[in-house]
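Chemist: My file is start_6.txt. It has compact mmCIF, C-alpha atoms:
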```
# COMPACT_ATOMS: atom_id res chain seq x y z
CA MET H 1 11.63 9.30 -49.68
CA LYS H 2 10.26 12.73 -48.85
CA ASN H 3 7.66 12.33 -51.58
CA LEU H 4 6.54 9.06 -50.04
CA PHE H 5 5.92 10.75 -46.65
CA VAL H 6 4.01 13.57 -48.32
CA LYS H 7 1.97 11.02 -50.23
CA ILE H 8 1.18 9.06 -47.05
CA MET H 9 0.29 12.23 -45.14
CA HIS H 10 -2.14 13.27 -47.84
CA SER H 11 -3.71 9.83 -48.19
CA LYS H 12 -7.30 8.97 -47.33
CA VAL H 13 -6.17 6.61 -44.52
CA TRP H 14 -4.12 9.40 -42.88
CA ASP H 15 -7.04 11.79 -43.16
CA SER H 16 -9.37 9.29 -41.53
CA ILE H 17 -7.06 8.98 -38.49
CA PHE H 18 -5.79 12.55 -38.11
CA ARG H 19 -8.42 15.24 -38.44
CA SER H 20 -6.04 18.23 -38.75
CA LYS H 21 -5.37 19.27 -42.34
CA LEU H 22 -1.78 19.73 -43.42
CA PRO H 23 0.25 21.85 -43.74
CA ILE H 24 0.10 23.54 -40.34
CA ASN H 25 1.13 27.15 -40.80
CA THR H 26 -1.18 29.55 -38.99
CA ASN H 27 -2.04 29.91 -35.30
CA LEU H 28 -5.53 28.68 -36.10
CA ASP H 29 -4.07 25.46 -37.55
CA ARG H 30 -1.98 25.02 -34.42
CA SER H 31 -4.98 25.47 -32.10
CA LEU H 32 -6.99 23.00 -34.16
CA VAL H 33 -4.27 20.34 -33.72
CA ILE H 34 -4.69 20.69 -29.96
CA PHE H 35 -8.48 20.99 -29.94
CA ASN H 36 -8.86 17.98 -32.22
CA SER H 37 -6.35 15.80 -30.40
CA LEU H 38 -7.28 12.73 -28.39
CA THR H 39 -6.21 14.28 -25.10
CA LEU H 40 -8.19 17.37 -26.06
CA HIS H 41 -6.60 20.51 -24.66
CA ILE H 42 -4.46 19.00 -21.93
CA HIS H 43 -1.61 21.12 -23.31
CA PRO H 44 -1.80 24.81 -24.13
CA VAL H 45 -1.93 25.85 -27.78
CA LYS H 46 0.97 28.25 -27.25
CA VAL H 47 3.59 28.57 -24.54
CA ARG H 48 6.07 31.34 -23.79
CA GLU H 49 9.63 30.39 -24.50
CA LYS H 50 10.61 31.55 -21.00
CA ALA H 51 8.13 29.15 -19.34
CA ILE H 52 9.65 26.06 -20.94
CA LYS H 53 13.25 26.98 -20.17
CA PHE H 54 15.04 24.03 -18.57
CA SER H 55 16.36 26.06 -15.64
CA TYR H 56 12.81 27.10 -14.72
CA THR H 57 11.19 23.69 -14.01
CA PHE H 58 14.12 21.30 -14.59
CA TYR H 59 11.39 19.27 -16.38
CA LEU H 60 10.93 17.35 -13.11
CA GLY H 61 7.19 16.79 -13.55
CA MET H 62 7.68 15.45 -17.06
CA ILE H 63 10.57 13.24 -15.89
CA SER H 64 8.29 11.80 -13.17
CA PHE H 65 5.60 11.15 -15.76
CA PHE H 66 8.08 9.54 -18.15
CA LEU H 67 9.30 7.24 -15.34
CA PHE H 68 5.68 6.35 -14.61
CA ILE H 69 5.25 5.32 -18.28
CA ILE H 70 8.41 3.15 -18.02
CA LEU H 71 6.96 1.59 -14.85
CA ILE H 72 3.68 0.76 -16.57
CA VAL H 73 5.37 -0.82 -19.60
CA THR H 74 7.90 -2.86 -17.59
CA GLY H 75 5.29 -3.66 -14.94
CA VAL H 76 2.84 -5.11 -17.46
CA LEU H 77 5.64 -7.22 -18.95
CA LEU H 78 6.66 -8.48 -15.48
CA MET H 79 3.04 -9.48 -14.81
CA LEU H 80 3.32 -12.07 -17.60
CA TYR H 81 5.76 -14.13 -15.49
CA TYR H 82 4.43 -13.41 -12.00
CA GLN H 83 1.80 -15.20 -9.90
CA PRO H 84 0.73 -13.59 -6.61
CA ALA H 85 0.78 -16.86 -4.65
CA ILE H 86 2.97 -18.55 -2.03
CA PRO H 87 5.54 -19.93 -2.84
CA ASN H 88 5.16 -19.11 -6.57
CA ALA H 89 5.81 -15.38 -6.11
CA TYR H 90 9.37 -15.82 -4.83
CA GLU H 91 10.15 -18.53 -7.39
CA ASN H 92 8.77 -16.39 -10.25
CA MET H 93 10.92 -13.49 -9.09
CA LYS H 94 14.03 -15.74 -9.10
CA ASP H 95 13.02 -17.12 -12.52
CA LEU H 96 12.74 -13.57 -13.83
CA GLN H 97 16.29 -12.98 -12.68
CA TYR H 98 17.93 -16.19 -13.90
CA VAL H 99 15.68 -18.02 -16.38
CA VAL H 100 13.57 -15.53 -18.35
CA SER H 101 15.37 -13.82 -21.26
CA ASN H 102 16.18 -10.23 -20.34
CA GLY H 103 14.10 -10.72 -17.16
CA MET H 104 16.87 -9.38 -14.92
CA PHE H 105 17.12 -6.26 -17.10
CA LEU H 106 13.35 -5.72 -17.03
CA ARG H 107 13.07 -6.22 -13.28
CA ASN H 108 15.97 -3.87 -12.59
CA LEU H 109 14.49 -1.29 -14.96
CA HIS H 110 11.22 -1.47 -13.00
CA ARG H 111 13.05 -1.20 -9.70
CA TRP H 112 15.32 1.69 -10.65
CA ALA H 113 12.51 3.59 -12.35
CA ALA H 114 10.50 3.23 -9.13
CA HIS H 115 13.36 4.57 -7.00
CA LEU H 116 14.00 7.42 -9.44
CA MET H 117 10.31 8.29 -9.60
CA VAL H 118 10.16 8.75 -5.82
CA ILE H 119 13.23 11.00 -6.05
CA SER H 120 11.98 13.01 -9.06
CA VAL H 121 8.49 13.49 -7.59
CA PHE H 122 10.09 14.73 -4.39
CA LEU H 123 12.42 17.11 -6.24
CA HIS H 124 9.46 18.31 -8.32
CA MET H 125 7.61 19.12 -5.10
CA ILE H 126 10.60 21.02 -3.73
CA ARG H 127 10.92 22.98 -7.01
CA VAL H 128 7.22 23.90 -6.92
CA PHE H 129 7.53 24.92 -3.27
CA TYR H 130 10.50 27.22 -3.81
CA ALA H 131 8.80 28.77 -6.87
CA GLY H 132 5.83 29.57 -4.61
CA ALA H 133 3.57 27.71 -7.01
CA TYR H 134 1.46 26.32 -4.15
CA LYS H 135 -0.08 29.80 -3.68
CA PRO H 136 -3.48 30.79 -5.12
CA PRO H 137 -4.68 30.30 -7.82
CA ARG H 138 -2.66 27.05 -7.92
CA GLU H 139 -3.40 25.84 -4.37
CA PHE H 140 -5.71 23.00 -5.45
CA ASN H 141 -3.19 21.61 -7.93
CA TRP H 142 -0.66 21.56 -5.08
CA VAL H 143 -3.10 19.39 -3.09
CA VAL H 144 -3.53 17.06 -6.10
CA GLY H 145 0.29 16.93 -6.29
CA VAL H 146 0.56 15.93 -2.63
CA VAL H 147 -1.97 13.12 -3.23
CA LEU H 148 0.14 12.02 -6.22
CA LEU H 149 3.23 11.92 -3.97
CA VAL H 150 1.36 9.75 -1.45
CA LEU H 151 0.20 7.47 -4.31
CA THR H 152 3.80 7.17 -5.56
CA LEU H 153 4.93 6.10 -2.09
CA LEU H 154 2.01 3.67 -1.72
CA LEU H 155 2.86 2.12 -5.12
CA SER H 156 6.46 1.67 -3.96
CA TYR H 157 5.30 0.16 -0.68
CA THR H 158 2.79 -2.30 -2.20
CA GLY H 159 5.35 -3.32 -4.84
CA TYR H 160 7.85 -4.06 -2.09
CA LEU H 161 5.88 -7.12 -0.87
CA LEU H 162 5.57 -8.77 -4.29
CA PRO H 163 9.01 -10.50 -4.49
CA PHE H 164 7.99 -12.14 -1.18
CA ASP H 165 11.49 -12.48 0.26
CA GLN H 166 12.63 -11.81 3.83
CA LEU H 167 13.04 -8.09 3.15
CA SER H 168 9.46 -7.80 1.81
CA TYR H 169 7.97 -9.82 4.64
CA TRP H 170 9.48 -7.80 7.48
CA ALA H 171 9.07 -4.41 5.80
CA VAL H 172 5.36 -5.09 5.37
CA THR H 173 5.08 -6.55 8.90
CA VAL H 174 6.50 -3.32 10.32
CA GLY H 175 4.37 -1.21 7.92
CA VAL H 176 1.03 -2.75 8.81
CA ASN H 177 1.91 -2.68 12.50
CA LEU H 178 2.29 1.09 12.10
CA ILE H 179 -1.33 1.15 10.82
CA GLN H 180 -2.35 -0.66 14.00
CA TYR H 181 -1.45 2.43 16.04
CA ILE H 182 -4.27 4.48 14.41
CA PRO H 183 -6.90 5.01 17.15
CA VAL H 184 -10.22 3.10 16.94
CA ILE H 185 -9.97 1.86 13.32
CA GLY H 186 -6.32 0.71 13.49
CA GLU H 187 -6.99 -2.98 14.24
CA LYS H 188 -9.70 -3.29 11.59
CA THR H 189 -7.67 -1.46 8.93
CA LYS H 190 -4.70 -3.76 9.57
CA PHE H 191 -7.00 -6.78 9.25
CA LEU H 192 -8.37 -5.50 5.93
CA PHE H 193 -4.89 -4.82 4.53
CA LEU H 194 -3.63 -8.25 5.54
CA GLY H 195 -6.84 -10.14 4.81
CA GLY H 196 -6.08 -11.99 8.05
CA HIS H 197 -4.08 -11.63 11.25
CA GLU H 198 -0.66 -12.01 9.68
CA ILE H 199 0.91 -11.87 6.21
CA GLY H 200 -0.43 -14.71 4.07
CA GLU H 201 -1.90 -15.63 0.67
CA TYR H 202 -4.64 -13.02 0.94
CA THR H 203 -2.15 -10.27 1.83
CA LEU H 204 -0.08 -11.00 -1.27
CA VAL H 205 -3.15 -10.90 -3.56
CA ARG H 206 -4.42 -7.71 -1.92
CA PHE H 207 -1.10 -5.93 -2.34
CA TYR H 208 -0.87 -7.24 -5.92
CA VAL H 209 -4.31 -5.87 -6.87
CA LEU H 210 -3.54 -2.54 -5.18
CA HIS H 211 -0.16 -2.34 -6.92
CA CYS H 212 -1.27 -3.40 -10.42
CA VAL H 213 -4.85 -2.16 -10.71
CA ILE H 214 -6.29 0.19 -8.10
CA LEU H 215 -3.39 2.56 -7.39
CA PRO H 216 -2.21 2.94 -11.04
CA LEU H 217 -5.80 3.64 -12.13
CA VAL H 218 -6.24 6.41 -9.57
CA MET H 219 -2.74 7.65 -10.45
CA VAL H 220 -3.54 7.94 -14.20
CA LEU H 221 -6.77 9.85 -13.52
CA LEU H 222 -5.08 12.25 -11.11
CA ILE H 223 -2.08 12.80 -13.40
CA ALA H 224 -4.44 13.76 -16.25
CA PHE H 225 -6.27 16.14 -13.91
CA HIS H 226 -2.95 17.53 -12.59
CA PHE H 227 -1.74 18.38 -16.14
CA TRP H 228 -5.04 19.91 -17.14
CA ARG H 229 -5.11 22.09 -14.01
CA ILE H 230 -1.64 23.53 -14.73
CA ARG H 231 -3.10 25.34 -17.73
CA LYS H 232 -6.47 26.08 -16.17
CA ASP H 233 -4.74 27.69 -13.18
CA GLY H 234 -2.79 30.03 -15.44
CA GLY H 235 0.13 27.90 -16.60
CA LEU H 236 3.75 28.78 -16.02
CA HIS H 237 4.95 32.37 -15.93
CA MET J 238 -42.23 20.85 4.70
CA CYS J 239 -42.35 21.80 1.03
CA SER J 240 -41.96 25.53 0.66
CA TYR J 241 -42.95 25.98 -2.96
CA LYS J 242 -46.54 26.67 -3.97
CA THR J 243 -48.69 24.32 -6.01
CA GLU J 244 -51.44 25.28 -8.36
CA SER J 245 -53.72 22.80 -6.71
CA ASN J 246 -55.97 23.93 -3.88
CA ASN J 247 -54.41 21.25 -1.64
CA GLU J 248 -51.09 22.71 -0.40
CA ASN J 249 -49.70 19.38 0.80
CA LYS J 250 -50.09 17.79 -2.60
CA ILE J 251 -46.74 17.41 -4.40
CA LYS J 252 -46.23 17.53 -8.12
CA ARG J 253 -45.47 14.40 -10.14
CA ARG J 254 -41.99 15.74 -11.07
CA LYS J 255 -41.10 16.32 -7.41
CA PHE J 256 -42.50 12.94 -6.37
CA LEU J 257 -40.56 11.06 -9.04
CA SER J 258 -37.36 12.89 -8.23
CA ILE J 259 -37.72 12.02 -4.51
CA VAL J 260 -38.39 8.36 -5.33
CA GLY J 261 -35.53 8.28 -7.85
CA ASN J 262 -33.01 9.94 -5.55
CA SER J 263 -34.00 7.76 -2.57
CA ALA J 264 -33.63 4.61 -4.66
CA THR J 265 -30.23 5.76 -5.97
CA GLY J 266 -29.09 6.64 -2.45
CA LEU J 267 -30.29 3.30 -1.08
CA VAL J 268 -28.52 1.34 -3.81
CA THR J 269 -25.31 3.40 -3.43
CA PHE J 270 -25.11 2.96 0.34
CA GLY J 271 -26.19 -0.67 0.05
CA ALA J 272 -23.47 -1.37 -2.53
CA LEU J 273 -20.92 0.40 -0.33
CA ALA J 274 -21.93 -1.57 2.78
CA VAL J 275 -21.87 -4.87 0.88
CA THR J 276 -18.43 -4.04 -0.60
CA ILE J 277 -16.94 -3.15 2.80
CA ASP J 278 -18.39 -6.37 4.21
CA PHE J 279 -16.94 -8.29 1.26
CA LEU J 280 -13.41 -7.05 2.05
CA SER J 281 -13.28 -8.97 5.36
CA PRO J 282 -12.54 -12.65 4.76
CA ASN J 283 -14.73 -15.03 6.76
CA VAL J 284 -12.52 -18.08 6.49
CA ILE J 285 -8.79 -17.61 6.97
CA LYS J 286 -6.43 -20.53 6.55
CA GLU J 287 -4.31 -19.82 9.59
CA ARG J 288 -2.90 -22.46 11.96
CA PRO J 289 -4.87 -23.43 15.11
CA PRO J 290 -4.01 -21.36 18.23
CA LYS J 291 -2.75 -24.30 20.35
CA PHE J 292 0.49 -26.24 20.00
CA LYS J 293 2.26 -28.99 21.91
CA VAL J 294 5.80 -29.03 23.38
CA GLY J 295 7.36 -31.89 25.21
CA PRO J 296 7.86 -34.19 26.89
CA ILE J 297 8.65 -31.98 29.88
CA GLN J 298 11.41 -34.28 31.17
CA ASN J 299 13.55 -33.19 28.22
CA ILE J 300 13.39 -29.50 29.13
CA GLN J 301 16.02 -28.61 31.71
CA PRO J 302 15.60 -25.73 34.21
CA ASP J 303 16.99 -22.39 33.00
CA THR J 304 16.54 -23.28 29.34
CA PHE J 305 14.00 -22.38 26.68
CA ILE J 306 12.55 -23.81 23.50
CA TYR J 307 11.78 -21.54 20.53
CA GLU J 308 8.76 -22.51 18.42
CA PRO J 309 9.40 -20.69 15.09
CA GLU J 310 6.05 -21.38 13.46
CA TYR J 311 4.11 -19.83 16.34
CA ARG J 312 6.88 -17.36 17.28
CA VAL J 313 6.75 -18.36 20.97
CA PHE J 314 9.41 -18.99 23.64
CA VAL J 315 8.57 -21.82 26.07
CA VAL J 316 10.77 -21.24 29.12
CA ARG J 317 11.56 -23.37 32.18
CA ASP J 318 12.91 -21.19 34.97
CA GLY J 319 15.33 -22.09 37.78
CA ASN J 320 12.50 -23.32 40.04
CA GLY J 321 11.30 -25.75 37.39
CA ALA J 322 8.16 -23.77 36.51
CA PHE J 323 7.16 -23.32 32.85
CA TYR J 324 5.91 -20.24 31.07
CA ALA J 325 5.34 -19.19 27.46
CA ILE J 326 6.00 -15.71 26.04
CA SER J 327 5.54 -14.37 22.54
CA ALA J 328 8.57 -13.64 20.33
CA ILE J 329 6.64 -10.88 18.51
CA CYS J 330 7.94 -7.45 19.51
CA THR J 331 5.13 -5.25 20.85
CA HIS J 332 6.58 -2.24 18.99
CA LEU J 333 6.19 -3.12 15.28
CA GLY J 334 5.98 -6.90 15.18
CA CYS J 335 9.55 -8.05 14.44
CA ASN J 336 10.90 -11.34 15.82
CA VAL J 337 12.78 -10.83 19.10
CA LYS J 338 15.85 -12.94 19.82
CA TRP J 339 16.98 -14.59 23.05
CA ILE J 340 20.48 -13.18 23.37
CA ASP J 341 21.62 -14.62 26.69
CA SER J 342 20.23 -17.82 28.15
CA ASN J 343 22.41 -17.74 31.29
CA ILE J 344 20.52 -14.85 32.87
CA ARG J 345 19.37 -15.65 36.41
CA ASN J 346 17.89 -12.30 37.55
CA ASP J 347 15.01 -10.22 36.20
CA SER J 348 16.87 -6.91 35.88
CA SER J 349 19.23 -8.00 33.08
CA VAL J 350 18.54 -8.01 29.35
CA ALA J 351 17.72 -11.52 28.11
CA ILE J 352 15.76 -10.80 24.93
CA ALA J 353 16.37 -8.13 22.25
CA CYS J 354 14.64 -6.99 19.08
CA PRO J 355 16.88 -6.54 16.00
CA CYS J 356 14.61 -3.98 14.29
CA HIS J 357 14.46 -1.00 16.63
CA GLY J 358 16.47 -2.10 19.69
CA SER J 359 13.82 -2.90 22.30
CA LYS J 360 15.18 -4.97 25.19
CA PHE J 361 13.31 -7.31 27.54
CA ASN J 362 14.11 -9.39 30.63
CA ARG J 363 13.60 -13.16 30.72
CA LYS J 364 9.94 -12.71 31.73
CA GLY J 365 9.29 -10.48 28.69
CA GLU J 366 9.09 -7.19 30.61
CA VAL J 367 10.45 -4.11 28.80
CA ILE J 368 13.84 -2.93 30.05
CA GLU J 369 14.55 -0.33 27.35
CA GLY J 370 13.67 0.71 23.82
CA PRO J 371 10.53 1.77 21.98
CA ALA J 372 8.33 -1.25 22.88
CA PRO J 373 5.21 0.17 24.62
CA LYS J 374 4.52 -2.96 26.69
CA GLY J 375 5.96 -6.34 27.63
CA LEU J 376 5.85 -9.42 25.41
CA GLN J 377 2.52 -11.27 25.48
CA ARG J 378 2.22 -14.19 27.93
CA PHE J 379 0.23 -17.27 26.97
CA ARG J 380 -1.57 -19.81 29.14
CA ILE J 381 0.31 -23.08 29.39
CA LYS J 382 -1.23 -26.39 30.50
CA LEU J 383 -0.02 -29.90 31.15
CA SER J 384 -1.45 -32.81 29.18
CA ASP J 385 0.17 -36.12 30.16
CA ASP J 386 3.87 -35.36 29.69
CA ASP J 387 3.40 -32.60 27.16
CA LEU J 388 2.88 -28.87 27.47
CA ILE J 389 -0.04 -27.26 25.63
CA VAL J 390 0.44 -23.58 24.80
CA ASP J 391 -2.70 -21.64 23.88
CA THR J 392 -1.74 -18.52 21.93
CA SER J 393 -5.33 -17.26 21.98
CA ASP J 394 -5.34 -17.13 25.80
CA ILE J 395 -3.31 -14.14 26.97
CA VAL J 396 -2.68 -14.12 30.72
CA SER J 397 -1.18 -11.88 33.42
CA GLU J 398 2.23 -12.43 35.00
CA GLU J 399 0.78 -14.25 38.05
CA GLU J 400 -1.19 -16.68 35.88
CA MET J 401 1.55 -17.45 33.39
CA TYR J 402 3.49 -20.00 35.48
CA LEU J 403 2.87 -23.73 35.35
CA LYS J 404 4.42 -25.45 38.35
CA VAL J 405 5.13 -29.16 38.02
```
Let's see the structure in the file written out as structure tokens.
Modeler:
Amino acid sequence: MKNLFVKIMHSKVWDSIFRSKLPINTNLDRSLVIFNSLTLHIHPVKVREKAIKFSYTFYLGMISFFLFIILIVTGVLLMLYYQPAIPNAYENMKDLQYVVSNGMFLRNLHRWAAHLMVISVFLHMIRVFYAGAYKPPREFNWVVGVVLLVLTLLLSYTGYLLPFDQLSYWAVTVGVNLIQYIPVIGEKTKFLFLGGHEIGEYTLVRFYVLHCVILPLVMVLLIAFHFWRIRKDGGLH
Amino acid sequence: MCSYKTESNNENKIKRRKFLSIVGNSATGLVTFGALAVTIDFLSPNVIKERPPKFKVGPIQNIQPDTFIYEPEYRVFVVRDGNGAFYAISAICTHLGCNVKWIDSNIRNDSSVAIACPCHGSKFNRKGEVIEGPAPKGLQRFRIKLSDDDLIVDTSDIVSEEEMYLKV
């Protein structure tokens, strides 16, 4: 068995996919793994053992990221059974619960991961705050983090309308009426969010596109930037 | 305008490189702002499939004094007061847009709570004026007209308290 793995890892196919030559023994080898990797040098080549101690970060950022991955996987699967239309949206949601195999499990996984992500992002922010990690030279990454928190909340909010039940309808009614109180541009912004004067077909499609395309895209870009900045700003000490 | 010196004896003459970069940047700027303006314009729908603003209630003989009719699709209360006059008020709370509920239809005076909002606890009298709670203003009043034996409520025509009554 072990011989088989060694054989595969020294094969031509393996070499064509993974550029780093095995075995990896020296520090130079280790740096090359990082420098040659797809995500380039998003992670440091070396870290201090103290900096990755659980009690130091509680791994809250990584937990948030892991939940985000769960949300993407379950979300894409849910999209296969969901149409952002009235009355299809509500019926699809009920079908997911009672007709589709493992649909209830998938939907609940998406829901709970979303709740947990809001909690873990918030705890991550608190941890960073009490560690004083918002101070220079890390002040810009703190700002990126705050934007990521807002994006997390916006993703939760836009996802809330999609089941299109009574709870969704009134939560979004109250939410967009809050927007209306912004001076000067309030009315127009509300109109653009709703795609009309009240919640309708256009609103559902708009929230769907925001939830499934625009916000996750911005989120992925900012997360990548956020990770990269950790190291560029000096990493953990 | 241009501060740098040219080799040519004419100081106002600009070099080809500078000229092309101005033309290129202007064109890029124009296209960028144009695309942005067109996109913002695109986001506003021109045709919205929403119901027409007017609806009919009636005939008026069937509406007794001191009663009201709730029109759920338009979210409007059509009320006939003790004097037999009609008026129409919105059921949309002026705070954050929830549906208000008529909690007591036996109210005869204007100082008691007749209508309440379940979301954040705003309270209104039977004419839609705020009695307590976070609502910043009274419920909207709509113009009401008589057509044969039916009442026509126009939700696009918002009127003052004096104008809201229809005496028959």
Chemist: Between H:Leu236, H:Val174, H:Ala113, H:Leu4, which residue has the minimum interatomic distance to chain J, considering only C-alpha atoms?
Modeler: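 Going through H:Leu236, H:Val174, H:Ala113, H:Leu4 one by one, the smallest distance to chain J is for H:Val174.
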Chemist: For a quick test of understanding: name the residues of chain J lying within 12 Å of chain H when counting only C-alpha atoms, and present them as a PyMOL selection string.
Modeler: chain J and resi 277-288+290+311-312+329-336+355-357+373
Chemist: Quick one: everything within 10 Å of J:Ser349, counting all atoms listed in the file, minus sequence neighbours fewer than 4 positions away in the same chain. Send it as an MDAnalysis selection string.
Modeler: chainID J and resid 341 344:345 360:363 368
Chemist: List the spatial neighbours of H:Pro87 as a list in words - criterion: any atom at most 12 Å away, all atoms listed in the file, same-chain residues fewer than 2 positions off excluded.
Modeler: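 My reading of the contact set: Tyr82, Gln83, Pro84, Ala85, Ala89, Tyr90, Glu91, Asn92, Met93, Lys94, Leu162, Pro163, Phe164, Asp165, Gly200, Glu201 and Leu204 of chain H.
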Chemist: Rounded to one decimal in Å, what is the spacing between atom CA of J:Tyr402 and atom CA of J:Asn343?
Modeler: 19.5 Å
Chemist: Near stretch 146-160 of chain H, within 6 Å and counting all atoms listed in the file, which residues show up once chain neighbours fewer than 4 positions away are dropped, as a ChimeraX atom specification?
Modeler: /H:168,207,211
Chemist: To one decimal in Å, tell me the separation between atom CA of H:Pro44 and atom CA of H:Met62.
Modeler: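 Separation of atom CA of H:Pro44 and atom CA of H:Met62: 15.1 Å.
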Chemist: So that all listed atoms of stretch 132-147 of chain H fit with 4 Å spare on each side, what axis-aligned box centre and edge lengths in Å, to one decimal, would you give as AutoDock Vina command-line options?
Modeler:
```
--center_x 0.1 --center_y 22.0 --center_z -5.3 --size_x 19.5 --size_y 25.7 --size_z 13.3
```
Chemist: If I take atom CA of J:Ile352 and atom CA of J:Gly365, how far is one from the other in Å, to one decimal?
Modeler: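 So the answer is 7.5 Å.
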Chemist: Between J:Ile381, J:Leu267, J:Val350, J:Ala328, which has the minimum distance to J:Phe314 (counting only C-alpha atoms)?
Modeler: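 For J:Phe314, the nearest of the candidates is J:Ala328.
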Chemist: Show which residues sit within 12 Å of H:Ile70, as a ChimeraX atom specification. Count only C-alpha atoms, and ignore same-chain residues fewer than 2 positions away.
Modeler: /H:63-68,72-77,106-114,116-117
Chemist: Report as a tab-separated table the residues of stretch 45-80 of chain H within 12 Å of stretch 21-30 of chain H, each with its shortest atom pair and distance in Å (one decimal), using all atoms listed in the file, ordered by chain and increasing residue number.
Modeler:
```
residue	atom	partner	partner_atom	distance
H:Val45	CA	H:Arg30	CA	6.7
H:Lys46	CA	H:Arg30	CA	8.4
H:Val47	CA	H:Arg30	CA	11.9
```
